[in-house]
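Asker: This is run25.pdb, which holds PDB, C-alpha atoms, pLDDT in the B column:
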ATOM      1  CA  MET A  14     102.601 103.747 116.209  1.00 50.00           C
ATOM      2  CA  ALA A  15     105.304 105.441 118.264  1.00 59.00           C
ATOM      3  CA  ASN A  16     107.526 102.343 117.996  1.00 83.00           C
ATOM      4  CA  LYS A  17     107.195 102.068 114.233  1.00 94.00           C
ATOM      5  CA  LYS A  18     109.616 103.693 111.817  1.00 97.00           C
ATOM      6  CA  ARG A  19     108.093 106.512 109.775  1.00 98.00           C
ATOM      7  CA  LEU A  20     107.644 105.718 106.089  1.00 98.00           C
ATOM      8  CA  GLY A  21     106.604 108.264 103.503  1.00 98.00           C
ATOM      9  CA  PHE A  22     104.721 106.454 100.734  1.00 98.00           C
ATOM     10  CA  ALA A  23     104.424 108.624  97.618  1.00 98.00           C
ATOM     11  CA  LEU A  24     102.356 107.703  94.571  1.00 96.00           C
ATOM     12  CA  CYS A  25     102.746 109.113  91.070  1.00 93.00           C
ATOM     13  CA  GLY A  26     100.327 108.700  88.173  1.00 83.00           C
ATOM     14  CA  SER A  27     101.121 105.215  86.894  1.00 85.00           C
ATOM     15  CA  PHE A  28      97.469 104.339  87.453  1.00 83.00           C
ATOM     16  CA  CYS A  29      97.713 100.834  85.974  1.00 86.00           C
ATOM     17  CA  THR A  30      99.880  99.819  88.952  1.00 89.00           C
ATOM     18  CA  PHE A  31      97.713 101.277  91.743  1.00 91.00           C
ATOM     19  CA  GLU A  32      95.980  98.019  92.705  1.00 93.00           C
ATOM     20  CA  LYS A  33      99.323  96.232  93.197  1.00 95.00           C
ATOM     21  CA  VAL A  34     100.828  99.257  94.913  1.00 96.00           C
ATOM     22  CA  LEU A  35      97.939  99.613  97.364  1.00 96.00           C
ATOM     23  CA  ARG A  36      98.263  95.947  98.317  1.00 96.00           C
ATOM     24  CA  GLU A  37     101.909  96.638  99.157  1.00 97.00           C
ATOM     25  CA  MET A  38     100.874  99.733 101.115  1.00 98.00           C
ATOM     26  CA  GLU A  39      98.573  97.523 103.212  1.00 98.00           C
ATOM     27  CA  LYS A  40     101.478  95.178 104.004  1.00 98.00           C
ATOM     28  CA  LEU A  41     103.829  98.050 104.814  1.00 98.00           C
ATOM     29  CA  ALA A  42     101.215  99.658 107.092  1.00 98.00           C
ATOM     30  CA  GLU A  43     101.621  96.669 109.408  1.00 97.00           C
ATOM     31  CA  ILE A  44     105.334  97.484 109.785  1.00 96.00           C
ATOM     32  CA  TYR A  45     105.571 101.279 109.401  1.00 98.00           C
ATOM     33  CA  ASP A  46     103.759 104.444 110.398  1.00 98.00           C
ATOM     34  CA  ILE A  47     102.910 105.633 106.876  1.00 98.00           C
ATOM     35  CA  THR A  48     102.525 109.213 105.723  1.00 98.00           C
ATOM     36  CA  PRO A  49     100.884 109.046 102.281  1.00 98.00           C
ATOM     37  CA  ILE A  50     101.813 111.522  99.562  1.00 98.00           C
ATOM     38  CA  MET A  51     100.301 111.795  96.087  1.00 96.00           C
ATOM     39  CA  SER A  52     101.336 113.824  93.088  1.00 93.00           C
ATOM     40  CA  GLU A  53      98.748 116.314  91.971  1.00 90.00           C
ATOM     41  CA  GLY A  54      97.952 114.113  88.968  1.00 85.00           C
ATOM     42  CA  ALA A  55      97.642 110.943  91.026  1.00 88.00           C
ATOM     43  CA  SER A  56      95.295 112.670  93.454  1.00 85.00           C
ATOM     44  CA  SER A  57      93.051 114.358  90.898  1.00 78.00           C
ATOM     45  CA  ILE A  58      92.865 112.343  87.660  1.00 72.00           C
ATOM     46  CA  ASN A  59      90.129 109.785  87.097  1.00 76.00           C
ATOM     47  CA  SER A  60      91.294 107.049  84.744  1.00 84.00           C
ATOM     48  CA  ARG A  61      90.050 103.730  83.415  1.00 83.00           C
ATOM     49  CA  PHE A  62      91.790 102.197  86.443  1.00 82.00           C
ATOM     50  CA  GLY A  63      89.652 104.066  88.972  1.00 83.00           C
ATOM     51  CA  LYS A  64      88.526 107.372  90.398  1.00 88.00           C
ATOM     52  CA  SER A  65      90.949 109.572  92.297  1.00 85.00           C
ATOM     53  CA  GLU A  66      88.494 110.030  95.188  1.00 93.00           C
ATOM     54  CA  ASP A  67      88.259 106.244  95.608  1.00 89.00           C
ATOM     55  CA  PHE A  68      92.042 105.899  95.718  1.00 94.00           C
ATOM     56  CA  ILE A  69      92.317 108.752  98.229  1.00 95.00           C
ATOM     57  CA  ARG A  70      89.645 107.153 100.419  1.00 97.00           C
ATOM     58  CA  ARG A  71      91.392 103.772 100.309  1.00 97.00           C
ATOM     59  CA  ILE A  72      94.816 105.273 101.056  1.00 97.00           C
ATOM     60  CA  THR A  73      93.335 107.175 103.998  1.00 98.00           C
ATOM     61  CA  GLU A  74      91.756 103.963 105.317  1.00 98.00           C
ATOM     62  CA  ILE A  75      95.027 102.030 104.992  1.00 98.00           C
ATOM     63  CA  THR A  76      97.239 104.662 106.626  1.00 98.00           C
ATOM     64  CA  GLY A  77      94.804 106.464 108.917  1.00 98.00           C
ATOM     65  CA  LYS A  78      95.895 109.756 107.303  1.00 97.00           C
ATOM     66  CA  PRO A  79      94.783 111.728 104.252  1.00 97.00           C
ATOM     67  CA  PRO A  80      97.524 112.006 101.633  1.00 98.00           C
ATOM     68  CA  ILE A  81      99.673 115.095 101.259  1.00 98.00           C
ATOM     69  CA  THR A  82      98.815 116.428  97.799  1.00 97.00           C
ATOM     70  CA  THR A  83     100.482 119.845  97.583  1.00 97.00           C
ATOM     71  CA  ILE A  84     104.000 121.248  97.478  1.00 97.00           C
ATOM     72  CA  ALA A  85     103.240 123.341 100.577  1.00 97.00           C
ATOM     73  CA  GLY A  86     102.006 120.244 102.396  1.00 97.00           C
ATOM     74  CA  ALA A  87     105.167 118.285 101.537  1.00 98.00           C
ATOM     75  CA  GLU A  88     107.717 121.003 102.344  1.00 97.00           C
ATOM     76  CA  PRO A  89     107.735 120.481 106.162  1.00 97.00           C
ATOM     77  CA  ILE A  90     108.941 116.885 105.666  1.00 98.00           C
ATOM     78  CA  GLY A  91     112.515 118.204 105.619  1.00 96.00           C
ATOM     79  CA  PRO A  92     112.658 120.885 108.319  1.00 96.00           C
ATOM     80  CA  LYS A  93     110.605 118.775 110.741  1.00 97.00           C
ATOM     81  CA  ALA A  94     112.434 115.515 109.828  1.00 97.00           C
ATOM     82  CA  LEU A  95     109.059 113.766 109.550  1.00 97.00           C
ATOM     83  CA  LEU A  96     110.232 110.544 107.855  1.00 98.00           C
ATOM     84  CA  ASP A  97     112.842 107.851 108.409  1.00 98.00           C
ATOM     85  CA  VAL A  98     112.543 106.623 104.812  1.00 98.00           C
ATOM     86  CA  LEU A  99     110.593 107.704 101.725  1.00 98.00           C
ATOM     87  CA  LEU A 100     109.286 105.274  99.098  1.00 98.00           C
ATOM     88  CA  ILE A 101     108.036 106.578  95.753  1.00 98.00           C
ATOM     89  CA  GLU A 102     105.822 103.804  94.380  1.00 97.00           C
ATOM     90  CA  PRO A 103     104.958 103.921  91.545  1.00 96.00           C
ATOM     91  CA  CYS A 104     107.554 106.377  90.277  1.00 97.00           C
ATOM     92  CA  THR A 105     106.927 107.514  86.711  1.00 96.00           C
ATOM     93  CA  GLY A 106     109.554 108.474  84.143  1.00 96.00           C
ATOM     94  CA  ASN A 107     108.378 112.067  84.491  1.00 96.00           C
ATOM     95  CA  THR A 108     109.103 112.093  88.237  1.00 97.00           C
ATOM     96  CA  ILE A 109     112.397 110.238  87.733  1.00 98.00           C
ATOM     97  CA  GLY A 110     113.461 112.958  85.282  1.00 98.00           C
ATOM     98  CA  LYS A 111     112.508 115.693  87.711  1.00 98.00           C
ATOM     99  CA  LEU A 112     114.350 114.043  90.602  1.00 98.00           C
ATOM    100  CA  ALA A 113     117.478 113.507  88.479  1.00 98.00           C
ATOM    101  CA  ASN A 114     117.487 117.148  87.416  1.00 97.00           C
ATOM    102  CA  GLY A 115     116.530 118.869  90.667  1.00 96.00           C
ATOM    103  CA  ILE A 116     113.048 119.937  89.597  1.00 97.00           C
ATOM    104  CA  THR A 117     110.653 120.390  92.506  1.00 96.00           C
ATOM    105  CA  ASP A 118     107.188 121.117  91.152  1.00 96.00           C
ATOM    106  CA  THR A 119     104.927 118.441  92.686  1.00 97.00           C
ATOM    107  CA  ALA A 120     104.130 117.199  96.174  1.00 97.00           C
ATOM    108  CA  VAL A 121     106.183 114.057  95.457  1.00 98.00           C
ATOM    109  CA  THR A 122     109.296 115.841  94.197  1.00 98.00           C
ATOM    110  CA  MET A 123     109.102 118.307  97.099  1.00 98.00           C
ATOM    111  CA  ALA A 124     108.770 115.408  99.562  1.00 98.00           C
ATOM    112  CA  ALA A 125     111.866 113.776  98.033  1.00 98.00           C
ATOM    113  CA  LYS A 126     113.913 116.979  98.068  1.00 97.00           C
ATOM    114  CA  ALA A 127     112.867 117.839 101.623  1.00 97.00           C
ATOM    115  CA  HIS A 128     113.551 114.296 102.842  1.00 98.00           C
ATOM    116  CA  LEU A 129     116.945 113.914 101.134  1.00 97.00           C
ATOM    117  CA  ARG A 130     118.231 117.116 102.709  1.00 96.00           C
ATOM    118  CA  ASN A 131     118.264 115.192 105.999  1.00 96.00           C
ATOM    119  CA  GLY A 132     120.528 112.494 104.545  1.00 97.00           C
ATOM    120  CA  ARG A 133     117.827 109.844 104.845  1.00 97.00           C
ATOM    121  CA  PRO A 134     117.036 107.109 102.311  1.00 98.00           C
ATOM    122  CA  LEU A 135     114.795 107.532  99.291  1.00 98.00           C
ATOM    123  CA  VAL A 136     113.559 104.333  97.616  1.00 98.00           C
ATOM    124  CA  ILE A 137     112.253 104.458  94.050  1.00 98.00           C
ATOM    125  CA  ALA A 138     109.913 101.858  92.526  1.00 98.00           C
ATOM    126  CA  VAL A 139     110.130 102.498  88.779  1.00 97.00           C
ATOM    127  CA  SER A 140     107.071 102.239  86.543  1.00 96.00           C
ATOM    128  CA  THR A 141     107.713 103.737  83.134  1.00 95.00           C
ATOM    129  CA  ASN A 142     107.391 102.781  79.477  1.00 94.00           C
ATOM    130  CA  ASP A 143     110.731 104.443  78.666  1.00 95.00           C
ATOM    131  CA  ALA A 144     113.058 103.133  81.408  1.00 96.00           C
ATOM    132  CA  LEU A 145     115.393 101.731  78.752  1.00 96.00           C
ATOM    133  CA  GLY A 146     114.839 104.732  76.502  1.00 95.00           C
ATOM    134  CA  ALA A 147     114.714 108.420  77.395  1.00 94.00           C
ATOM    135  CA  SER A 148     114.498 107.731  81.156  1.00 96.00           C
ATOM    136  CA  ALA A 149     117.570 105.466  81.212  1.00 97.00           C
ATOM    137  CA  GLN A 150     120.025 108.326  81.739  1.00 97.00           C
ATOM    138  CA  ASN A 151     117.912 109.709  84.599  1.00 98.00           C
ATOM    139  CA  ILE A 152     117.649 106.308  86.283  1.00 98.00           C
ATOM    140  CA  GLY A 153     121.422 105.950  85.950  1.00 97.00           C
ATOM    141  CA  ARG A 154     121.957 109.380  87.455  1.00 98.00           C
ATOM    142  CA  LEU A 155     119.745 108.511  90.440  1.00 98.00           C
ATOM    143  CA  MET A 156     121.459 105.141  90.895  1.00 97.00           C
ATOM    144  CA  ASN A 157     124.635 107.130  91.368  1.00 97.00           C
ATOM    145  CA  ALA A 158     123.099 109.566  93.870  1.00 97.00           C
ATOM    146  CA  LYS A 159     123.746 109.385  97.591  1.00 97.00           C
ATOM    147  CA  ASN A 160     120.903 107.941  99.706  1.00 98.00           C
ATOM    148  CA  VAL A 161     118.850 106.908  96.662  1.00 98.00           C
ATOM    149  CA  PHE A 162     117.894 103.242  96.313  1.00 98.00           C
ATOM    150  CA  PHE A 163     115.654 101.218  94.007  1.00 98.00           C
ATOM    151  CA  VAL A 164     113.090  98.479  94.348  1.00 98.00           C
ATOM    152  CA  PRO A 165     114.329  95.714  91.988  1.00 98.00           C
ATOM    153  CA  MET A 166     112.807  96.005  88.515  1.00 98.00           C
ATOM    154  CA  SER A 167     112.558  94.241  85.180  1.00 97.00           C
ATOM    155  CA  GLN A 168     111.051  94.600  81.738  1.00 96.00           C
ATOM    156  CA  ASP A 169     107.326  94.032  81.983  1.00 92.00           C
ATOM    157  CA  SER A 170     106.636  93.423  78.272  1.00 90.00           C
ATOM    158  CA  PRO A 171     109.918  92.862  76.383  1.00 91.00           C
ATOM    159  CA  GLU A 172     108.222  92.026  73.077  1.00 93.00           C
ATOM    160  CA  GLY A 173     105.429  94.618  73.151  1.00 94.00           C
ATOM    161  CA  LYS A 174     107.171  97.460  75.007  1.00 94.00           C
ATOM    162  CA  PRO A 175     110.933  96.769  74.946  1.00 94.00           C
ATOM    163  CA  ALA A 176     111.895  99.984  76.767  1.00 95.00           C
ATOM    164  CA  SER A 177     109.342  99.527  79.577  1.00 95.00           C
ATOM    165  CA  MET A 178     110.315  98.501  83.108  1.00 96.00           C
ATOM    166  CA  VAL A 179     108.306  98.054  86.288  1.00 96.00           C
ATOM    167  CA  ALA A 180     109.473  97.488  89.843  1.00 97.00           C
ATOM    168  CA  HIS A 181     108.801  94.203  91.586  1.00 98.00           C
ATOM    169  CA  PHE A 182     106.428  95.831  94.053  1.00 97.00           C
ATOM    170  CA  GLU A 183     106.381  92.681  96.193  1.00 97.00           C
ATOM    171  CA  LYS A 184     110.041  93.482  96.996  1.00 98.00           C
ATOM    172  CA  SER A 185     109.182  96.911  98.416  1.00 98.00           C
ATOM    173  CA  ALA A 186     109.457  95.942 102.084  1.00 98.00           C
ATOM    174  CA  GLU A 187     112.835  94.288 101.519  1.00 98.00           C
ATOM    175  CA  ALA A 188     114.093  97.279  99.523  1.00 98.00           C
ATOM    176  CA  VAL A 189     112.994  99.709 102.251  1.00 98.00           C
ATOM    177  CA  GLU A 190     114.629  97.595 104.971  1.00 98.00           C
ATOM    178  CA  ALA A 191     117.883  97.441 102.989  1.00 98.00           C
ATOM    179  CA  ALA A 192     117.800 101.209 102.337  1.00 98.00           C
ATOM    180  CA  LEU A 193     117.398 101.891 106.058  1.00 98.00           C
ATOM    181  CA  LEU A 194     120.696 100.002 106.449  1.00 98.00           C
ATOM    182  CA  GLY A 195     122.265 102.036 103.623  1.00 98.00           C
ATOM    183  CA  LYS A 196     122.217  99.112 101.176  1.00 98.00           C
ATOM    184  CA  GLN A 197     120.761  98.515  97.742  1.00 98.00           C
ATOM    185  CA  LEU A 198     118.684  95.344  97.497  1.00 98.00           C
ATOM    186  CA  GLN A 199     120.207  93.122  94.798  1.00 97.00           C
ATOM    187  CA  PRO A 200     119.829  92.346  92.000  1.00 97.00           C
ATOM    188  CA  VAL A 201     118.488  95.731  90.976  1.00 97.00           C
ATOM    189  CA  ILE A 202     117.562  94.547  87.486  1.00 95.00           C
ATOM    190  CA  LYS A 203     116.302  91.023  86.941  1.00 87.00           C
TER     191      LYS A 203
END
Would you mind giving the structure from this file in structure tokens?
Answerer:
Amino acid sequence: MANKKRLGFALCGSFCTFEKVLREMEKLAEIYDITPIMSEGASSINSRFGKSEDFIRRITEITGKPPITTIAGAEPIGPKALLDVLLIEPCTGNTIGKLANGITDTAVTMAAKAHLRNGRPLVIAVSTNDALGASAQNIGRLMNAKNVFFVPMSQDSPEGKPASMVAHFEKSAEAVEAALLGKQLQPVIK
């Protein structure tokens, strides 16, 4: 793995997307040396989409490493320059709001803060029911931030949930590659 670039892969609690996201993690593990990170909620909540211990086991199998699940565990990412790029997938509206406003109170937000201090790319894969509502201003703020990039996204249920948007997870590898070159994969919104 010494020849592979180092990818931080952080998961937040959009549990309905985990199956798709873990399939993308498997693909990315062929290209990158992945350090998994999970928010405290993602690593501890059992939902109708699965048990947290099963997700942790699967992530550990895919990456060969247990996920970082605490603020203290994520803090060294910055001082030790542990990552070349960080992908937050899925990234909830809650985490987007925290990132946009400088709040560092989870393993994922600490990983992002620590990583960005090194001027390295952060890629966000949105998954939130209020992307075109309350989270819109925070997404806009992050789109304007240095070294922050997005996986292309679109409305996932325009009739049923008109404010909801989800990233095209299958574009994650392309978005990460573009971010490593300092570019935003286009179009951002389809």
Asker: Starting from the point (110.2, 119.8, 106.5), work out which residues of protein, DNA or RNA have an atom no more than 10 Å away when counting all atoms listed in the file; state them as JSON, numbers by chain.
Answerer: {"A": [85, 86, 87, 88, 89, 90, 91, 92, 93, 94, 95, 96, 123, 124, 126, 127, 128, 130, 131]}
Asker: Report, in Å to a single decimal, how far apart atom CA of Arg70 of chain A and atom CA of Gly21 of chain A are.
Answerer: 17.3 Å
Asker: Counting all atoms listed in the file, which residue out of A:Glu74, A:Glu66, A:Glu37, A:Asp143 sits closest to Lys174 of chain A?
Answerer: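 Using all atoms listed in the file, the shortest distance to Lys174 of chain A belongs to A:Asp143.
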Asker: Using all atoms listed in the file, pick whichever of A:Met156, A:Ala186, A:Met166, A:Ala55 has the shortest atom-to-atom distance to Leu20 of chain A.
Answerer: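 Ranked by minimum distance to Leu20 of chain A, first place goes to A:Ala186.
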Asker: Nearest to Ala158 of chain A: which of A:Thr119, A:Ser177, A:Thr141, A:Asn114 is it, counting only C-alpha atoms?
Answerer: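 Using only C-alpha atoms, the shortest distance to Ala158 of chain A belongs to A:Asn114.
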Asker: Between atom CA of Val179 of chain A and atom CA of Ile58 of chain A, measure the distance and give it in Å to one decimal.
Answerer: 21.1 Å
Asker: Glu102 of chain A: which residues within 6 Å, counting all atoms listed in the file, same-chain residues fewer than 5 positions away excluded, as a PyMOL selection string?
Answerer: chain A and resi 23-24+138
Asker: Could you tell me which residues the PyMOL selection byres ((chain A and resi 48) around 7) grabs in this file, written as number ranges by chain?
Answerer: A: 20-22, 46-47, 49-50, 78
Asker: Hey, what's within 10 Å of Val189 of chain A if we count only C-alpha atoms and toss same-chain stuff fewer than 2 positions away? As a compact mmCIF listing (two decimals) with C-alpha atoms, in the frame of the given file, please?
Answerer:
# COMPACT_ATOMS: atom_id res chain seq x y z
CA LEU A 20 107.64 105.72 106.09
CA LEU A 41 103.83 98.05 104.81
CA VAL A 98 112.54 106.62 104.81
CA LEU A 99 110.59 107.70 101.72
CA LEU A 100 109.29 105.27 99.10
CA PRO A 134 117.04 107.11 102.31
CA LEU A 135 114.80 107.53 99.29
CA VAL A 136 113.56 104.33 97.62
CA ILE A 137 112.25 104.46 94.05
CA PHE A 162 117.89 103.24 96.31
CA PHE A 163 115.65 101.22 94.01
CA VAL A 164 113.09 98.48 94.35
CA LYS A 184 110.04 93.48 97.00
CA SER A 185 109.18 96.91 98.42
CA ALA A 186 109.46 95.94 102.08
CA GLU A 187 112.84 94.29 101.52
CA ALA A 191 117.88 97.44 102.99
CA ALA A 192 117.80 101.21 102.34
CA LEU A 193 117.40 101.89 106.06
CA LEU A 194 120.70 100.00 106.45
CA GLY A 195 122.26 102.04 103.62
CA LYS A 196 122.22 99.11 101.18
CA GLN A 197 120.76 98.52 97.74
CA LEU A 198 118.68 95.34 97.50
Asker: Looking at all atoms listed in the file, which of A:Ile84, A:Ile69, A:Ala120, A:Ala180 is the one that sits closest to Ser27 of chain A?
Answerer: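 Between A:Ile84, A:Ile69, A:Ala120, A:Ala180, the residue approaching Ser27 of chain A most closely is A:Ala180.
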Asker: Counting all atoms listed in the file, figure out which residue out of A:Gly106, A:Gly132, A:Pro80, A:Gly63 gets nearest to Lys159 of chain A.
Answerer: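 Of A:Gly106, A:Gly132, A:Pro80, A:Gly63, the one nearest Lys159 of chain A is A:Gly132, counting all atoms listed in the file.
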Asker: Let me make sure I understand: among A:Met51, A:Ala125, A:Ile202, A:Ile101, which one has the smallest atom-to-atom distance to Pro79 of chain A if we use all atoms listed in the file?
Answerer: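 The answer is A:Met51, which sits nearest to Pro79 of chain A.
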Asker: By how many Å are atom CA of Lys17 of chain A and atom CA of Arg133 of chain A apart?
Answerer: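 Computing it gives 16.2 Å between the two atoms.
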Asker: Neighbours of Asp118 of chain A within 10 Å (only C-alpha atoms; same-chain residues fewer than 5 positions away dropped), as a compact mmCIF listing (two decimals) with C-alpha atoms, in the frame of the given file?
Answerer:
# COMPACT_ATOMS: atom_id res chain seq x y z
CA SER A 52 101.34 113.82 93.09
CA GLU A 53 98.75 116.31 91.97
CA THR A 83 100.48 119.84 97.58
CA ILE A 84 104.00 121.25 97.48
CA THR A 108 109.10 112.09 88.24
CA LYS A 111 112.51 115.69 87.71
CA MET A 123 109.10 118.31 97.10
Asker: What's the 10 Å shell around Ala149 of chain A, counting all atoms listed in the file, without same-chain residues fewer than 3 positions away, as an MDAnalysis selection string?
Answerer: chainID A and resid 106 109:110 143:146 152:155 176
Asker: Which centre and which edge lengths, in Å to one decimal, describe the axis-aligned box that holds all listed atoms of segment 158-174 of chain A after 6 Å is added on each side, as AutoDock Vina command-line options?
Answerer:
--center_x 114.6 --center_y 100.8 --center_z 86.4 --size_x 30.3 --size_y 29.5 --size_z 38.6
